[in-house]
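Since the structure comes first, as structure tokens, the remarks are kept for the end.
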Amino acid sequence: MNPVVESEVLEHCTDSSIVKEIRLRTPMTQQMMEALSDGAKLSYYPDFPRPYFRIEKPRAYVIQGVIGNTTFRVTLMPHARENEETELVRLLDA
Amino acid sequence: MDRVYLNNAATSFPKPRSVIDATSQSLSDFPCEPGRQSNGVDPLIDCRRELAGLLGVGDEAQVILLGSATIGLNLVINGLLRDGGRAVCSTLAHNSVLRPLAHAKRDFGVTTTLIEADREGRVSGEQFDAHLDGSTRLAVITHISNITGSIQPIDDIAAAAAAKGVPLLIDAAQSAGVVPVSWHQLPGRVFLAFAGHKGLMGPSGTGGLVVPDNRLAQTVVGGTGVHSESVLHPEFLPLRHEAGTPNLPGIAGLTAGVRFVARKGVVELGRSRHTLVSRIRRQLEPLVKLRLSPLPEEDGRTGIVSMTVDHQPPRELAYLLEQSFGIVTRAGLHCAPLAHRSLGTAPAGTVRVSVGPFTTEADVDRLCNALHRIVGR
């Protein structure tokens, strides 16, 4: 089953990046966070009031999220490949 | 997790109990539509009277009740510039001014001269004086920058406009209810647009316009509930610029909001905001990676603090603050794109923190602690 319920564009930025909110079928887990960080740089702050993570894949996207949330945010960079979002869904589904 | 709301410059929250009660009561009562049906109480007159008192307007009929400050700004810009001409405004202007001016350029051939604000987000009466002349149809000034909280010298700017015979439009979206405004003391032909849902503590979807006379062209006409036999819309104030069924629940709430502000005192509320802003700035100044937008000390009473953090886009920081720490701020350009050029914060903008009458020291300490944890790493 597709782990993503819906994807909504929040903002078209002046630098041509696009901010999207991804709504998940189930709350974000540490395992899902690690899956999303495949091939990217993960910064994880478990000691924040709600465990926060940031995943950056240069020239592709920045993901921000919180463990336990049913949404996370993706900023697709101006030169991101068209299938980056599909790739993220695939990582979550793996 | 309980949340802290620090976005009062967008919409004040929470609302006073009296505002919630008045809005709710209006929805619960039989509808009272002024001019159409009367039970002896006219909520519009009530509201106009309270606003006239707070904003220093002698005649309450000069207070036009609208759905927002934006509508008031549009009425003046489109009313005065429909035959073309030149407008003068500053880079501090919100899109609620910039976009109507851009459309006036497209539709009526209007040209606009932009006055550049300094790095503290201020413009002067002298700058306006230097740019106003006989070809100027309208000068527009943002009373308080919605990014930095800097207060513009509207007395000087009104004097400069009056000396050249140029009408002045004050965008008081951020200032009404936040700093003392005495409209009748301003020289010249001055229009003042105000928002109801910010410093005046009313519900969203309220606002209005103070007009100096009944000469502004009518650009929105329709039903008024009076003089229905006439083909044309009434020309007398305030109905001259009001059409359609008014937002009675919103207006009832706005009346209660204005009364709340008047009871607490504009100066006293400003003093409280100033204390909180000083507390924020004092705690954040040691953070070397965090840059606070410069602000004259006395302007802290507007309750706004804008900031940027090295290598951290504002929207990412605001998201982190909200999602992990439960602190609601506002990130980006704040609908004032040109101001960021003046302030040196383009193109990403800032994170803006704005306090209100119900913000506590504990709230701002929570913000500062969060920023120390995030930025101090």
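The way I read the labels, and the way they are meant: chains A, B, ... in the order of the structure tokens, residue 1 as the first residue of every chain, and ligand 1 as the first ligand shown, with later ones counted on from there.
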Interface, chain B side, toward chain A (8 Å; only C-alpha atoms) as a PyMOL selection string
chain B and resi 316+319-320+323-325+347
For segment 90-100 of chain B, find every residue with an atom within 7 Å (counting only C-alpha atoms), except residues of its own chain fewer than 6 positions away, and show them as a compact mmCIF listing (two decimals) with N, CA and C atoms, in the first residue's frame.
```
# COMPACT_ATOMS: atom_id res chain seq x y z
N THR B 70 -6.68 45.83 3.09
CA THR B 70 -6.38 45.70 1.66
C THR B 70 -7.48 46.32 0.79
N LEU B 73 -7.14 50.04 0.93
CA LEU B 73 -6.01 50.51 0.12
C LEU B 73 -6.38 50.49 -1.37
N ASN B 74 -7.05 49.43 -1.79
CA ASN B 74 -7.50 49.33 -3.18
C ASN B 74 -8.48 50.45 -3.54
N ILE B 77 -6.34 53.66 -3.98
CA ILE B 77 -5.43 53.60 -5.13
C ILE B 77 -6.23 53.62 -6.44
N LEU B 114 9.64 54.72 -6.15
CA LEU B 114 9.86 54.00 -4.89
C LEU B 114 10.92 54.71 -4.05
N ILE B 115 10.60 54.96 -2.82
CA ILE B 115 11.58 55.54 -1.89
C ILE B 115 12.24 54.39 -1.13
N GLU B 116 13.55 54.37 -1.16
CA GLU B 116 14.29 53.26 -0.55
C GLU B 116 14.38 53.45 0.97
N ALA B 117 13.99 52.43 1.70
CA ALA B 117 14.13 52.48 3.16
C ALA B 117 15.59 52.20 3.52
N ILE B 141 2.31 55.52 2.47
CA ILE B 141 3.33 55.16 3.46
C ILE B 141 2.83 54.02 4.35
N THR B 142 3.71 53.09 4.58
CA THR B 142 3.43 52.00 5.53
C THR B 142 3.79 52.52 6.92
N SER B 145 6.51 48.94 9.61
CA SER B 145 6.96 47.82 8.76
C SER B 145 6.52 46.50 9.38
N CYS B 335 5.06 39.10 2.49
CA CYS B 335 4.30 39.89 1.50
C CYS B 335 4.88 41.30 1.29
N ALA B 336 6.13 41.49 1.66
CA ALA B 336 6.76 42.80 1.44
C ALA B 336 8.11 42.58 0.78
N LEU B 338 9.97 44.00 -1.54
CA LEU B 338 10.95 45.07 -1.77
C LEU B 338 11.66 45.48 -0.48
N ALA B 339 10.98 45.33 0.62
CA ALA B 339 11.58 45.72 1.90
C ALA B 339 12.82 44.89 2.19
```
What's around Lys57 of chain A at 8 Å? Count only C-alpha atoms, leave out sequence neighbours fewer than 6 positions away in its own chain, and write the answer as an NGL selection string.
:A and (39-41)
Since we have the selection now, will you write its residues out, keeping N, CA, C and O atoms, as a PDB file, in the first residue's frame?
```pdb
ATOM      1  N   GLY A  39      21.351   7.509   0.729  1.00  0.00           N
ATOM      2  CA  GLY A  39      22.067   8.295  -0.274  1.00  0.00           C
ATOM      3  C   GLY A  39      22.068   9.787  -0.012  1.00  0.00           C
ATOM      4  O   GLY A  39      22.443  10.572  -0.883  1.00  0.00           O
ATOM      5  N   ALA A  40      21.650  10.177   1.176  1.00  0.00           N
ATOM      6  CA  ALA A  40      21.586  11.599   1.505  1.00  0.00           C
ATOM      7  C   ALA A  40      22.195  11.828   2.889  1.00  0.00           C
ATOM      8  O   ALA A  40      22.520  10.875   3.600  1.00  0.00           O
ATOM      9  N   LYS A  41      22.312  13.103   3.275  1.00  0.00           N
ATOM     10  CA  LYS A  41      22.901  13.414   4.584  1.00  0.00           C
ATOM     11  C   LYS A  41      21.782  13.602   5.613  1.00  0.00           C
ATOM     12  O   LYS A  41      20.902  14.465   5.443  1.00  0.00           O
TER      13      LYS A  41
END
```
Quick one: residues within 8 Å of Gly68 of chain A, only C-alpha atoms counted, chain neighbours fewer than 5 positions away excluded, as a PDB file with C-alpha atoms, in the first residue's frame?
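And here's part_23.pdb as it stands now:
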```pdb
ATOM      1  CA  PRO A  27       3.122   8.303  11.677  1.00  0.00           C
ATOM      2  CA  MET A  28       6.785   8.817  10.804  1.00  0.00           C
ATOM      3  CA  THR A  29       9.099   6.340  12.503  1.00  0.00           C
TER       4      THR A  29
END
```
At a cut-off of 8 Å, using only C-alpha atoms, what residues contact Leu92 of chain A? Leave out same-chain residues fewer than 6 positions from it and give the result as a PDB file with C-alpha atoms, in the first residue's frame.
```pdb
ATOM      1  CA  PRO A   3       2.637   4.999   2.339  1.00  0.00           C
ATOM      2  CA  MET A  32      11.145   5.500   7.860  1.00  0.00           C
ATOM      3  CA  ALA A  35      14.968   4.828   4.750  1.00  0.00           C
ATOM      4  CA  LEU A  36      14.426   8.352   3.450  1.00  0.00           C
TER       5      LEU A  36
END
```
Exercise: Val5 of chain A partners within 12 Å, only C-alpha atoms, chain neighbours under 3 positions left out, as a VMD selection string:
chain A and resid 1 to 2 8 21 to 27 70 to 72 89
Output the selection as a compact mmCIF listing (two decimals), in the first residue's frame - N, CA and C atoms for each residue.
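Below is the file that was written, again.txt:
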```txt
# COMPACT_ATOMS: atom_id res chain seq x y z
N MET A 1 0.85 -1.20 0.00
CA MET A 1 0.00 0.00 0.00
C MET A 1 0.88 1.25 0.00
N ASN A 2 0.48 2.23 -0.80
CA ASN A 2 1.26 3.47 -0.88
C ASN A 2 1.32 4.14 0.50
N GLU A 8 0.98 17.85 -1.16
CA GLU A 8 0.39 19.16 -1.44
C GLU A 8 1.49 20.21 -1.61
N GLU A 21 4.16 19.47 1.21
CA GLU A 21 3.89 18.73 2.44
C GLU A 21 3.39 17.35 2.02
N ILE A 22 4.01 16.32 2.59
CA ILE A 22 3.64 14.95 2.28
C ILE A 22 2.88 14.37 3.47
N ARG A 23 1.69 13.90 3.20
CA ARG A 23 0.87 13.29 4.28
C ARG A 23 1.00 11.77 4.21
N LEU A 24 1.35 11.18 5.36
CA LEU A 24 1.60 9.74 5.42
C LEU A 24 0.38 8.98 5.93
N ARG A 25 0.35 7.71 5.57
CA ARG A 25 -0.73 6.85 6.05
C ARG A 25 -0.54 6.52 7.54
N THR A 26 0.71 6.41 7.94
CA THR A 26 1.01 6.12 9.36
C THR A 26 2.05 7.12 9.86
N PRO A 27 2.15 7.32 11.16
CA PRO A 27 3.12 8.30 11.68
C PRO A 27 4.57 7.94 11.30
N THR A 70 2.40 12.72 11.14
CA THR A 70 1.89 12.06 9.93
C THR A 70 2.17 12.89 8.68
N THR A 71 2.92 13.96 8.84
CA THR A 71 3.34 14.74 7.68
C THR A 71 4.83 15.02 7.77
N PHE A 72 5.44 15.27 6.64
CA PHE A 72 6.78 15.84 6.61
C PHE A 72 6.87 16.78 5.43
N VAL A 89 8.91 8.15 -2.27
CA VAL A 89 7.82 7.21 -1.94
C VAL A 89 8.35 5.78 -2.00
```
Per-residue DSSP, chain A, filtered to strand (DSSP E or B), as a VMD selection string:
chain A and resid 4 to 12 18 to 24 41 to 45 52 to 57 61 to 66 71 to 76
Give the helix (DSSP H, G or I) residues of chain A, as assigned by DSSP on the backbone, as a list of chain:residue names.
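Matching residues, listed in order: A:Gln30, A:Gln31, A:Met32, A:Met33, A:Glu34, A:Ala35, A:Leu36, A:Glu84, A:Glu85, A:Thr86, A:Glu87, A:Leu88, A:Val89, A:Arg90, A:Leu91, A:Leu92, A:Asp93.
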Calculated over only C-alpha atoms, which of the candidates B:Val4, B:Ile374, B:Leu65, B:Leu295 has the smallest distance to Arg122 of chain B?
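Among B:Val4, B:Ile374, B:Leu65, B:Leu295, it is B:Leu295 that comes nearest to Arg122 of chain B.
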Which residues are close to segment 175-180 of chain B, i.e. within 8 Å by only C-alpha atoms, leaving aside same-chain residues fewer than 2 positions away? Reply as a ChimeraX atom specification.
/B:54-55,143-144,172-173,182,194-195,199-200,258,261,266-267,269-270,301-302
What is the atom CA of Ala252 of chain B-atom CA of Asp213 of chain B distance in Å, reported with one decimal?
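Taking atom CA of Ala252 of chain B as the start and atom CA of Asp213 of chain B as the end point, the length is 25.7 Å.
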Could you check the closest approach to Asp118 of chain B for each of B:Pro14, B:Pro249, B:Pro153, B:Gly344 and tell me which residue wins, using only C-alpha atoms?
B:Gly344
Point-to-point distance from atom CA of Thr206 of chain B to atom CA of Gly250 of chain B, Å rounded to tenths:
6.1 Å
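Atom CA of Val74 of chain A to atom CA of His12 of chain A spans 12.1 Å [interatomic distance, one decimal].
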Nearest to Tyr61 of chain A among A:Ile18, A:Tyr44, A:Gln30, A:Val4, with distances taken over only C-alpha atoms: which residue is it?
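Counting only C-alpha atoms, the residue closest to Tyr61 of chain A is A:Ile18.
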